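File shown here: protein_10.cif, holding mmCIF, C-alpha atoms and all ligand atoms.
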data_protein
#
loop_
_atom_site.label_atom_id
_atom_site.label_comp_id
_atom_site.auth_asym_id
_atom_site.auth_seq_id
_atom_site.Cartn_x
_atom_site.Cartn_y
_atom_site.Cartn_z
CA MET A 285 63.49 59.43 218.68
CA ASN A 286 62.63 57.34 215.65
CA ASN A 287 59.39 55.39 215.06
CA GLU A 288 60.99 52.17 216.15
CA SER A 289 61.85 53.53 219.58
CA MET A 290 58.32 54.93 220.07
CA ARG A 291 56.54 51.63 219.60
CA PRO A 292 54.68 50.33 222.68
CA GLY A 293 56.77 48.10 224.90
CA TYR A 294 60.07 49.47 223.56
CA VAL A 295 62.91 48.77 225.99
CA PRO A 296 66.05 50.82 225.42
CA LEU A 297 69.04 48.54 225.63
CA ASN A 298 70.59 50.35 228.57
CA SER A 299 67.48 49.80 230.72
CA ALA A 300 66.85 46.16 229.78
CA SER A 301 66.51 44.12 232.97
CA LYS A 302 68.52 41.21 231.53
CA ILE A 303 70.99 41.02 228.65
CA CYS A 304 72.04 37.91 226.73
CA LEU A 305 74.85 37.76 224.14
CA PHE A 306 74.01 35.26 221.39
CA GLY A 307 76.86 33.46 219.59
CA VAL A 308 79.97 32.40 221.49
CA GLY A 309 82.43 32.58 218.61
CA VAL A 310 85.51 34.32 217.28
CA SER A 311 84.01 37.82 217.04
CA LEU A 312 82.85 37.68 220.65
CA SER A 313 86.19 36.30 221.88
CA ASP A 314 88.06 39.09 220.09
CA CYS A 315 85.82 41.85 221.40
CA TYR A 316 84.23 40.58 224.65
CA GLN A 317 85.94 43.06 226.97
CA GLN A 318 85.14 45.98 224.73
CA LEU A 319 81.54 44.87 224.33
CA ILE A 320 80.92 44.76 228.07
CA GLN A 321 82.58 48.15 228.45
CA SER A 322 80.20 49.52 225.80
CA LEU A 323 77.26 47.99 227.66
CA GLY A 324 78.53 49.17 231.02
CA ARG A 325 77.85 45.74 232.51
CA LYS A 326 78.44 42.04 232.09
CA PRO A 327 75.70 40.07 230.31
CA ASP A 328 73.42 37.92 232.44
CA TYR A 329 73.64 35.03 229.97
CA LEU A 330 75.39 33.81 226.87
CA CYS A 331 73.53 31.66 224.37
CA ASP A 332 74.65 29.58 221.40
CA ASN A 333 73.21 27.07 218.93
CA SER A 334 76.00 24.60 219.64
CA PRO A 335 74.90 22.04 222.30
CA GLY A 336 78.57 21.57 223.28
CA LYS A 337 78.55 25.06 224.82
CA TRP A 338 75.33 24.72 226.82
CA GLY A 339 75.90 24.64 230.61
CA ARG A 340 79.51 25.87 230.24
CA GLN A 341 80.86 29.17 231.53
CA PHE A 342 82.71 31.67 229.34
CA TRP A 343 84.25 34.77 230.99
CA GLY A 344 82.37 33.69 234.14
CA VAL A 345 78.96 33.80 232.40
CA SER A 346 76.74 30.74 231.79
CA CYS A 347 75.90 29.70 228.26
CA ILE A 348 72.28 28.57 227.92
CA SER A 349 70.41 26.92 225.06
CA PRO A 350 68.07 28.87 222.76
CA GLU A 351 65.15 26.99 224.31
CA GLU A 352 66.10 28.24 227.79
CA LEU A 353 66.52 31.74 226.37
CA GLY A 354 63.00 31.60 224.94
CA ARG A 355 61.64 30.74 228.39
CA LEU A 356 63.17 33.90 229.89
CA GLY A 357 60.44 36.00 228.31
CA GLU A 358 60.24 38.73 225.75
CA ARG A 359 61.76 41.56 227.79
CA ILE A 360 65.29 40.18 227.84
CA ALA A 361 67.52 42.05 225.38
CA VAL A 362 69.46 39.72 223.13
CA ILE A 363 72.54 40.97 221.28
CA ILE A 364 73.59 38.79 218.35
CA THR A 365 77.37 38.68 218.04
CA VAL A 366 77.75 36.82 214.73
CA ARG A 367 77.86 38.61 211.42
CA ARG A 368 75.39 36.35 209.57
CA TYR A 369 72.61 37.40 211.92
CA GLU A 370 69.56 37.02 209.65
CA ASP A 371 68.68 33.40 210.48
CA ILE A 372 69.36 33.94 214.19
CA HIS A 373 66.97 36.89 214.18
CA LEU A 374 64.27 34.64 212.69
CA GLN A 375 65.04 31.97 215.29
CA LEU A 376 64.82 34.45 218.19
CA SER A 377 61.61 36.01 216.86
CA ALA A 378 60.06 32.54 216.59
CA LEU A 379 60.95 32.06 220.28
CA GLY A 380 58.87 35.19 221.05
CA LEU A 381 61.84 37.45 221.80
CA LYS A 382 61.28 41.09 220.91
CA GLU A 383 64.35 43.06 221.99
CA ILE A 384 66.93 41.96 219.45
CA PHE A 385 70.15 43.80 218.63
CA VAL A 386 73.28 43.07 216.68
CA ALA A 387 76.84 43.89 217.71
CA CYS A 388 78.62 45.19 214.60
CA PHE A 389 82.34 44.51 214.49
CA ASP A 390 84.87 46.57 212.62
CA ARG A 391 87.29 43.90 211.40
CA ALA A 392 90.05 46.37 210.64
CA TYR A 393 90.91 46.91 214.27
CA ASP A 394 88.82 44.20 215.97
CA ILE A 395 86.57 46.70 217.65
CA VAL A 396 82.85 46.95 218.25
CA GLY A 397 81.65 49.56 215.77
CA GLY A 398 78.15 49.77 217.26
CA ILE A 399 75.22 47.90 218.77
CA HIS A 400 72.19 48.29 216.54
CA ARG A 401 68.54 47.40 217.07
CA LEU A 402 67.49 44.71 214.60
CA GLY A 403 63.91 44.56 213.36
CA ASP A 404 62.01 43.34 210.31
CA GLU A 405 62.72 46.60 208.48
CA GLN A 406 66.50 46.10 208.62
CA LEU A 407 66.15 42.55 207.33
CA ALA A 408 63.73 43.25 204.47
CA VAL A 409 64.90 43.02 200.87
CA SER A 410 65.75 46.48 199.52
CA HIS A 411 63.53 47.81 196.75
CA GLU A 412 65.39 51.10 196.60
CA SER A 413 66.97 51.99 193.31
CA PHE A 414 70.56 53.16 193.68
CA VAL A 415 72.71 55.56 191.74
CA ASN A 416 75.13 53.30 189.90
CA PRO A 417 78.52 55.04 190.17
CA VAL A 418 80.41 52.54 188.00
CA ARG A 419 78.43 52.49 184.75
CA GLY A 420 80.59 53.71 181.87
CA ARG A 421 83.70 54.02 184.05
CA TRP A 422 86.84 51.91 183.63
CA THR A 423 87.82 49.28 186.19
CA LEU A 424 91.22 47.59 186.35
CA ILE A 425 91.16 44.13 187.91
CA THR A 426 94.44 42.30 188.47
CA GLY A 427 94.25 38.52 188.18
CA ALA A 428 90.96 38.76 186.28
CA ALA A 429 91.41 35.53 184.29
CA ARG A 430 90.12 33.10 186.87
CA GLY A 431 88.85 32.61 190.40
CA ILE A 432 87.70 35.60 192.42
CA GLY A 433 89.09 38.18 189.98
CA ARG A 434 87.01 36.71 187.16
CA GLN A 435 83.84 36.85 189.32
CA ILE A 436 84.57 40.47 190.19
CA ALA A 437 85.12 41.29 186.51
CA LEU A 438 81.81 39.66 185.55
CA GLY A 439 80.07 41.50 188.41
CA MET A 440 81.49 44.89 187.45
CA ALA A 441 80.72 44.31 183.74
CA GLY A 442 77.17 43.38 184.78
CA LEU A 443 76.94 46.82 186.42
CA GLY A 444 78.01 48.46 183.15
CA SER A 445 81.65 49.16 183.94
CA ASN A 446 84.24 48.73 181.21
CA ILE A 447 86.99 46.36 182.23
CA ILE A 448 90.77 46.33 181.93
CA ALA A 449 91.45 42.67 182.62
CA HIS A 450 94.94 41.87 183.85
CA SER A 451 96.51 38.42 183.96
CA ARG A 452 99.95 36.95 183.27
CA GLN A 453 99.22 36.26 179.59
CA ILE A 454 96.84 38.13 177.29
CA ALA A 455 95.34 34.80 176.20
CA HIS A 456 94.26 34.02 179.79
CA THR A 457 91.50 36.68 179.81
CA ARG A 458 90.05 35.75 176.39
CA GLU A 459 87.33 33.61 177.94
CA LEU A 460 86.38 36.48 180.28
CA ALA A 461 86.06 38.86 177.32
CA ASP A 462 83.78 36.32 175.57
CA SER A 463 81.67 35.98 178.73
CA CYS A 464 81.23 39.76 178.89
CA ALA A 465 80.10 39.99 175.25
CA GLY A 466 76.51 41.14 175.15
CA LEU A 467 76.79 43.17 178.37
CA GLY A 468 77.40 46.37 176.42
CA VAL A 469 80.83 47.01 177.93
CA GLU A 470 84.36 46.99 176.58
CA VAL A 471 86.97 44.57 177.88
CA LEU A 472 90.64 45.35 177.26
CA PRO A 473 93.25 42.74 178.18
CA ILE A 474 96.65 43.55 179.66
CA ALA A 475 99.40 41.23 180.89
CA ALA A 476 102.28 41.42 183.34
CA GLU A 477 104.17 39.22 185.75
CA LEU A 478 103.59 41.06 189.03
CA GLY A 479 106.55 39.34 190.67
CA ASP A 480 108.90 41.28 188.40
CA PRO A 481 109.20 44.96 189.44
CA GLN A 482 110.23 46.00 185.91
CA GLU A 483 107.14 44.37 184.42
CA VAL A 484 104.99 46.14 187.02
CA GLU A 485 106.44 49.54 186.05
CA ALA A 486 106.08 48.72 182.33
CA LEU A 487 102.43 47.74 182.93
CA LEU A 488 101.81 51.06 184.69
CA ASP A 489 103.54 53.03 181.91
CA ASP A 490 101.41 51.21 179.33
CA LEU A 491 98.21 51.88 181.29
CA GLU A 492 99.08 55.57 181.62
CA ALA A 493 100.00 56.02 177.94
CA ASN A 494 97.60 53.76 176.07
CA PHE A 495 94.49 53.02 178.15
CA PRO A 496 91.48 55.06 179.27
CA PRO A 497 91.62 56.68 182.72
CA ILE A 498 91.04 54.13 185.46
CA ASP A 499 88.45 55.09 188.08
CA LEU A 500 88.20 51.77 189.92
CA LEU A 501 90.93 49.33 190.85
CA PHE A 502 90.68 45.84 192.29
CA ASN A 503 94.07 44.66 193.56
CA ASN A 504 93.18 40.99 193.40
CA ALA A 505 96.07 38.95 191.92
CA ALA A 506 98.05 37.04 194.52
CA ILE A 507 99.89 33.81 195.16
CA SER A 508 99.83 31.43 198.09
CA LEU A 509 102.64 28.89 197.79
CA PRO A 510 103.27 26.02 200.19
CA CYS A 511 106.34 26.88 202.23
CA GLY A 512 106.32 24.48 205.16
CA ALA A 513 104.69 24.61 208.56
CA ASP A 514 107.81 25.34 210.66
CA PRO A 515 107.71 29.09 211.43
CA TRP A 516 111.52 29.04 212.01
CA ASN A 517 112.24 27.69 208.59
CA ILE A 518 110.61 29.80 205.88
CA ALA A 519 113.03 30.58 203.05
CA SER A 520 113.77 34.22 202.23
CA ALA A 521 112.81 33.44 198.63
CA ASP A 522 109.33 32.45 199.83
CA PHE A 523 108.89 35.72 201.72
CA GLN A 524 110.22 37.64 198.72
CA ALA A 525 107.91 35.92 196.22
CA HIS A 526 104.80 36.53 198.35
CA PHE A 527 105.70 40.10 199.22
CA SER A 528 106.54 41.10 195.62
CA ILE A 529 103.25 39.87 194.18
CA ASN A 530 100.83 40.26 197.11
CA THR A 531 102.11 43.46 198.71
CA ILE A 532 104.60 45.50 196.70
CA ALA A 533 102.86 45.19 193.30
CA PRO A 534 99.48 46.41 194.69
CA ILE A 535 101.28 49.25 196.51
CA ARG A 536 103.07 50.32 193.31
CA ILE A 537 99.77 50.19 191.39
CA CYS A 538 98.12 52.35 194.08
CA TYR A 539 100.96 54.87 194.05
CA ARG A 540 100.71 55.26 190.28
CA LEU A 541 96.91 55.21 189.81
CA ILE A 542 95.55 57.00 192.89
CA PRO A 543 97.06 60.48 192.22
CA ALA A 544 95.25 60.59 188.84
CA MET A 545 92.01 59.48 190.53
CA MET A 546 92.45 62.29 193.06
CA ARG A 547 92.93 64.83 190.29
CA ARG A 548 89.66 63.66 188.72
CA GLY A 549 87.91 63.67 192.13
CA PHE A 550 86.69 60.08 192.03
CA GLY A 551 88.22 56.69 192.67
CA ARG A 552 87.59 53.39 194.40
CA VAL A 553 90.44 51.04 195.28
CA ILE A 554 89.45 47.63 196.55
CA ASN A 555 92.15 45.31 197.86
CA ILE A 556 91.34 41.63 198.02
CA SER A 557 93.02 40.51 201.18
CA SER A 558 92.49 38.02 203.97
CA THR A 559 92.05 37.83 207.72
CA ILE A 560 94.56 34.94 207.74
CA GLN A 561 97.02 36.99 209.81
CA LYS A 562 94.86 36.14 212.83
CA ARG A 563 95.39 32.40 212.37
CA PRO A 564 98.63 30.46 212.73
CA GLY A 565 100.28 29.02 209.62
CA GLU A 566 100.91 30.00 205.99
CA MET A 567 103.54 32.39 207.31
CA ALA A 568 104.84 34.02 204.11
CA TYR A 569 101.38 34.47 202.55
CA ALA A 570 99.84 35.72 205.82
CA CYS A 571 102.67 38.21 206.43
CA SER A 572 102.29 39.59 202.90
CA LYS A 573 98.52 40.11 203.38
CA ALA A 574 99.03 41.62 206.85
CA ALA A 575 101.45 44.11 205.28
CA LEU A 576 98.91 44.98 202.56
CA ASN A 577 96.26 45.56 205.25
CA LYS A 578 98.61 47.86 207.12
CA PHE A 579 99.30 49.80 203.92
CA VAL A 580 95.56 50.34 203.34
CA HIS A 581 94.88 51.31 206.96
CA ASP A 582 97.68 53.86 206.86
CA LEU A 583 96.98 55.32 203.41
CA ALA A 584 93.19 55.58 203.70
CA PRO A 585 93.10 58.59 206.09
CA SER A 586 95.21 60.61 203.63
CA LEU A 587 92.42 60.22 201.04
CA GLU A 588 89.75 61.96 203.14
CA GLY A 589 87.89 64.57 201.10
CA THR A 590 89.48 63.61 197.77
CA GLY A 591 86.60 61.51 196.36
CA VAL A 592 88.91 58.47 196.37
CA MET A 593 88.27 55.67 198.85
CA MET A 594 90.15 52.48 199.64
CA SER A 595 88.75 49.36 201.18
CA LEU A 596 89.66 45.75 201.90
CA VAL A 597 87.74 42.58 201.10
CA CYS A 598 88.05 39.23 202.79
CA PRO A 599 86.46 36.84 200.27
CA GLY A 600 86.29 33.89 202.67
CA TYR A 601 87.78 30.46 201.99
CA VAL A 602 86.66 29.93 198.42
CA ARG A 603 86.93 27.06 195.89
CA THR A 604 89.40 28.45 193.35
CA ASP A 605 92.81 27.28 192.14
CA MET A 606 94.23 28.95 195.25
CA GLY A 607 91.54 27.84 197.72
CA GLY A 608 91.38 24.29 196.37
CA PRO A 609 88.40 21.97 195.91
CA ASN A 610 87.68 21.49 199.63
CA ALA A 611 87.09 25.14 200.49
CA PRO A 612 83.59 25.64 201.90
CA TYR A 613 82.39 28.51 199.72
CA SER A 614 81.69 28.70 195.99
CA VAL A 615 83.53 31.33 194.00
CA GLU A 616 80.19 32.89 193.02
CA SER A 617 79.48 33.62 196.71
CA VAL A 618 81.97 36.53 196.76
CA ILE A 619 79.43 38.56 194.79
CA PRO A 620 77.91 40.97 195.75
CA GLY A 621 80.09 41.50 198.86
CA ALA A 622 83.31 42.01 196.89
CA LEU A 623 81.65 44.84 194.91
CA LEU A 624 80.51 46.92 197.90
CA GLY A 625 83.70 49.00 198.01
CA ALA A 626 83.04 49.97 194.38
CA VAL A 627 79.39 50.97 194.62
CA LEU A 628 78.98 52.40 198.12
CA ASP A 629 79.51 56.04 198.91
CA GLY A 630 79.85 57.51 202.38
CA ASP A 631 81.86 56.15 205.26
CA ILE A 632 83.72 53.27 203.58
CA ASN A 633 87.28 54.58 203.41
CA GLY A 634 89.60 52.09 205.14
CA ARG A 635 86.78 49.60 205.80
CA TRP A 636 86.79 45.84 205.56
CA PHE A 637 84.01 44.04 203.72
CA ILE A 638 83.64 40.38 204.58
CA ALA A 639 82.19 39.02 201.32
CA GLN A 640 80.51 35.99 202.87
CA ASP A 641 78.35 38.26 205.07
CA TYR A 642 76.51 39.26 201.89
CA ALA A 643 76.42 35.93 200.02
CA GLY A 644 73.01 35.20 198.52
CA LEU A 645 71.82 38.83 198.73
CA ASP A 646 71.12 41.01 195.73
CA LEU A 647 73.32 44.10 195.44
CA PRO A 648 70.79 46.71 196.74
CA THR A 649 70.03 44.52 199.78
CA ALA A 650 73.75 43.97 200.40
CA MET A 651 74.31 47.74 200.21
CA LYS A 652 71.47 48.28 202.69
CA LYS A 653 73.00 45.69 205.04
CA ALA A 654 76.45 47.29 204.84
CA LYS A 655 75.02 50.77 205.52
CA PHE A 656 73.08 49.42 208.52
CA TYR A 657 76.08 47.50 209.81
CA TYR A 658 78.47 50.43 209.63
CA ALA A 659 76.04 53.24 210.57
CA GLN A 660 77.13 55.40 213.48
CA ASP A 661 73.75 56.82 214.49
CA GLN A 662 71.48 53.86 215.29
CA GLU A 663 68.86 54.20 218.03
CA VAL A 664 69.17 51.50 220.68
N1 LIG B 701 90.60 31.45 197.36
C1 LIG B 701 90.56 31.73 198.66
O1 LIG B 701 90.10 30.92 199.48
C2 LIG B 701 91.04 33.07 199.16
C3 LIG B 701 90.90 33.35 200.52
C4 LIG B 701 91.31 34.59 201.00
C5 LIG B 701 91.83 35.53 200.11
N2 LIG B 701 91.95 35.22 198.80
C6 LIG B 701 92.50 36.27 197.91
O2 LIG B 701 91.66 36.43 196.78
C7 LIG B 701 92.44 36.85 195.64
C8 LIG B 701 92.15 35.96 194.45
O3 LIG B 701 92.43 34.62 194.80
P1 LIG B 701 91.94 33.38 193.91
O4 LIG B 701 91.61 32.30 194.88
O5 LIG B 701 90.92 33.83 192.93
O6 LIG B 701 93.32 33.00 193.17
P2 LIG B 701 93.56 32.15 191.83
O7 LIG B 701 92.36 31.36 191.45
O8 LIG B 701 94.84 31.45 192.06
O9 LIG B 701 93.77 33.29 190.70
C9 LIG B 701 94.85 34.14 190.81
C10 LIG B 701 94.84 35.20 189.73
O10 LIG B 701 95.98 36.05 189.98
C11 LIG B 701 96.86 36.05 188.85
N3 LIG B 701 98.25 35.92 189.28
C12 LIG B 701 98.76 34.95 190.08
N4 LIG B 701 100.10 35.11 190.18
C13 LIG B 701 100.42 36.18 189.43
C14 LIG B 701 101.64 36.83 189.12
N5 LIG B 701 102.81 36.38 189.59
N6 LIG B 701 101.61 37.91 188.30
C15 LIG B 701 100.45 38.34 187.79
N7 LIG B 701 99.25 37.76 188.04
C16 LIG B 701 99.24 36.69 188.84
C17 LIG B 701 96.49 34.83 188.02
O11 LIG B 701 96.78 35.14 186.67
P3 LIG B 701 96.80 33.98 185.53
O12 LIG B 701 95.40 33.54 185.37
O13 LIG B 701 97.34 34.65 184.32
O14 LIG B 701 97.68 32.89 186.06
C18 LIG B 701 95.01 34.63 188.32
O15 LIG B 701 94.22 35.31 187.39
C19 LIG B 701 93.89 36.81 196.12
O16 LIG B 701 94.28 38.11 196.53
C20 LIG B 701 93.85 35.89 197.32
O17 LIG B 701 94.92 36.12 198.23
C21 LIG B 701 91.57 34.02 198.29
#
Turn this file's structure into structure tokens for me.
Ligand SMILES: NC(=O)c1ccc[n+]([C@@H]2O[C@H](COP(=O)([O-])OP(=O)(O)OC[C@H]3O[C@@H](n4cnc5c(N)ncnc54)[C@H](OP(=O)(O)O)[C@@H]3O)[C@@H](O)[C@H]2O)c1
Amino acid sequence: MNNESMRPGYVPLNSASKICLFGVGVSLSDCYQQLIQSLGRKPDYLCDNSPGKWGRQFWGVSCISPEELGRLGERIAVIITVRRYEDIHLQLSALGLKEIFVACFDRAYDIVGGIHRLGDEQLAVSHESFVNPVRGRWTLITGAARGIGRQIALGMAGLGSNIIAHSRQIAHTRELADSCAGLGVEVLPIAAELGDPQEVEALLDDLEANFPPIDLLFNNAAISLPCGADPWNIASADFQAHFSINTIAPIRICYRLIPAMMRRGFGRVINISSTIQKRPGEMAYACSKAALNKFVHDLAPSLEGTGVMMSLVCPGYVRTDMGGPNAPYSVESVIPGALLGAVLDGDINGRWFIAQDYAGLDLPTAMKKAKFYYAQDQEV
């Protein structure tokens, strides 16, 4: 038993008289059946902040308003089912609710990874210092000249990692190198067209022969071209273009760089991907990202015990050249979430990090949140 579970009035989740699931959204829809199997019962209520859902039934359970939830008294256990749970915890605490949990979803397989008790301690800013595993190491970032890759490069340089900055033309990463001046790191540019298999192999030969050993890799460069909305009418050339750059190039880079990482006993490979495969549309792009995800899920187990770990990042819909000006999130918001696969140790091999879950947090607090979210041994 931990201190939390010994506090007076503690109600273990499995003996709560009533259970409410808060947040009737995508995560809950994807995992509802599994969640109720984990709980061993249906919830008594659902609750949501959207008035349009109040009074409606979902899976045969009524959705009530937060105000009604507050009137049910402090001994009802509330399980938050959205990933940005911090503000909802504050809202529920202000309503006098005490038994608050969060359902943590593993996005790789759409499963419930755990149901964890959520208190002030889990939400507090982290003051812990952390061992910085990237300082002085070399990180290769593909597509580092602009957008998300540039933010990742700035973030890694800020942590003291030297950068090998890839783009299509050496000149494209000049501005990045200037921006990193004064951070005490080296930035080496490299260029290749990732849609051309010969250029990819030449890039890898050049890296092997003429560059320092690479300990961290961000497979970030990708394209997303318009190719029509009719799923019966996507040209082979469109599939080929997306697969060569978004799937086959990252796979070739992994195949060439990871064995050397394994020999040195350390490596982090972070693949910038997308959860777009779950939504209709953008067929060629979505298929190429789904294939990359599959590659990571299948390769990751073979890395167990080697010191090398692979992960996936969904950056969210971000205002870049690819995302366009109407995307909801700023490009800066991908930091620190996009860096978690580089700095975390422990059980991260094969994991997804959803960058927007960590937007606005400092890195130590984001690391604390990720460890809490993915922990296997929480007391409920
Ligand atoms: N933006 C979003 O909303 C969003 C959402 C989900 C996932 N993502 C993923 O996030 C990653 C970065 O996206 P972004 O929005 O930052 O894209 P971006 O602004 O379009 O930047 C793309 C980067 O990739 C490089 N690149 C593009 N085509 C290339 C090719 N054929 N060969 C070599 N390099 C190439 C570009 O190099 P140059 O600068 O030399 O042209 C550029 O640096 C991608 O994997 C994307 O799929 C983005």
Which residues, written as a PyMOL selection string, have at least one atom at most 12 Å from A:Ile348, with only C-alpha atoms counted and residues fewer than 4 positions away on the same chain left out? chain A and resi 304-308+328-342+352-356
Listed atoms of ligand LIG 701 (chain B), axis-aligned box, 3 Å per side: centre and edge lengths to one decimal in Å, as lines of an AutoDock Vina configuration file?
center_x = 96.5
center_y = 34.6
center_z = 192.7
size_x = 18.7
size_y = 13.4
size_z = 22.7
Residues at most 8 Å from ligand LIG 701 (chain B), using all atoms listed in the file? Could they come as a VMD selection string? chain A and resid 426 to 434 450 to 454 456 to 457 475 to 480 503 to 508 529 to 530 555 to 560 569 573 598 to 608 611 615
Just checking: using all atoms listed in the file, which residue out of A:Glu492, A:Leu583, A:Met546, A:Arg368 ends up closest to A:Lys653? A:Arg368
Spatial neighbours of stretch 592-597 of chain A, 6 Å, only C-alpha atoms, chain gap at least 5 places, as a ChimeraX atom specification: /A:550-557,584,625,633-638
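Between atom CA of A:Val618 and atom CA of A:Ala643 the separation is 6.5 Å.
Computed from the coordinates, the atom CA of A:Phe523 to atom CA of A:Tyr539 distance equals 22.1 Å.
Residues surrounding A:Cys571 within 9 Å are Phe523, His526, Phe527, Ile560, Gln561, Glu566 and Leu576 of chain A [all atoms listed in the file; sequence separation below 5 positions excluded].
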Could the residues of stretch 465-567 of chain A that have an atom at most 10 Å from stretch 440-446 of chain A be listed as a tab-separated table, each with its closest atom pair and the distance in Å to one decimal, counting all atoms listed in the file and ordered by chain and ascending residue number?
residue	atom	partner	partner_atom	distance
A:Ala465	CA	A:Ala441	CA	9.5
A:Gly466	CA	A:Gly442	CA	9.9
A:Leu467	CA	A:Gly442	CA	6.4
A:Gly468	CA	A:Gly444	CA	7.1
A:Val469	CA	A:Asn446	CA	5.0
A:Glu470	CA	A:Asn446	CA	4.9
A:Val471	CA	A:Asn446	CA	6.0
A:Leu472	CA	A:Asn446	CA	8.2
A:Pro496	CA	A:Asn446	CA	9.8
A:Ile498	CA	A:Asn446	CA	9.7
A:Asp499	CA	A:Ser445	CA	9.9
A:Leu500	CA	A:Ser445	CA	9.2
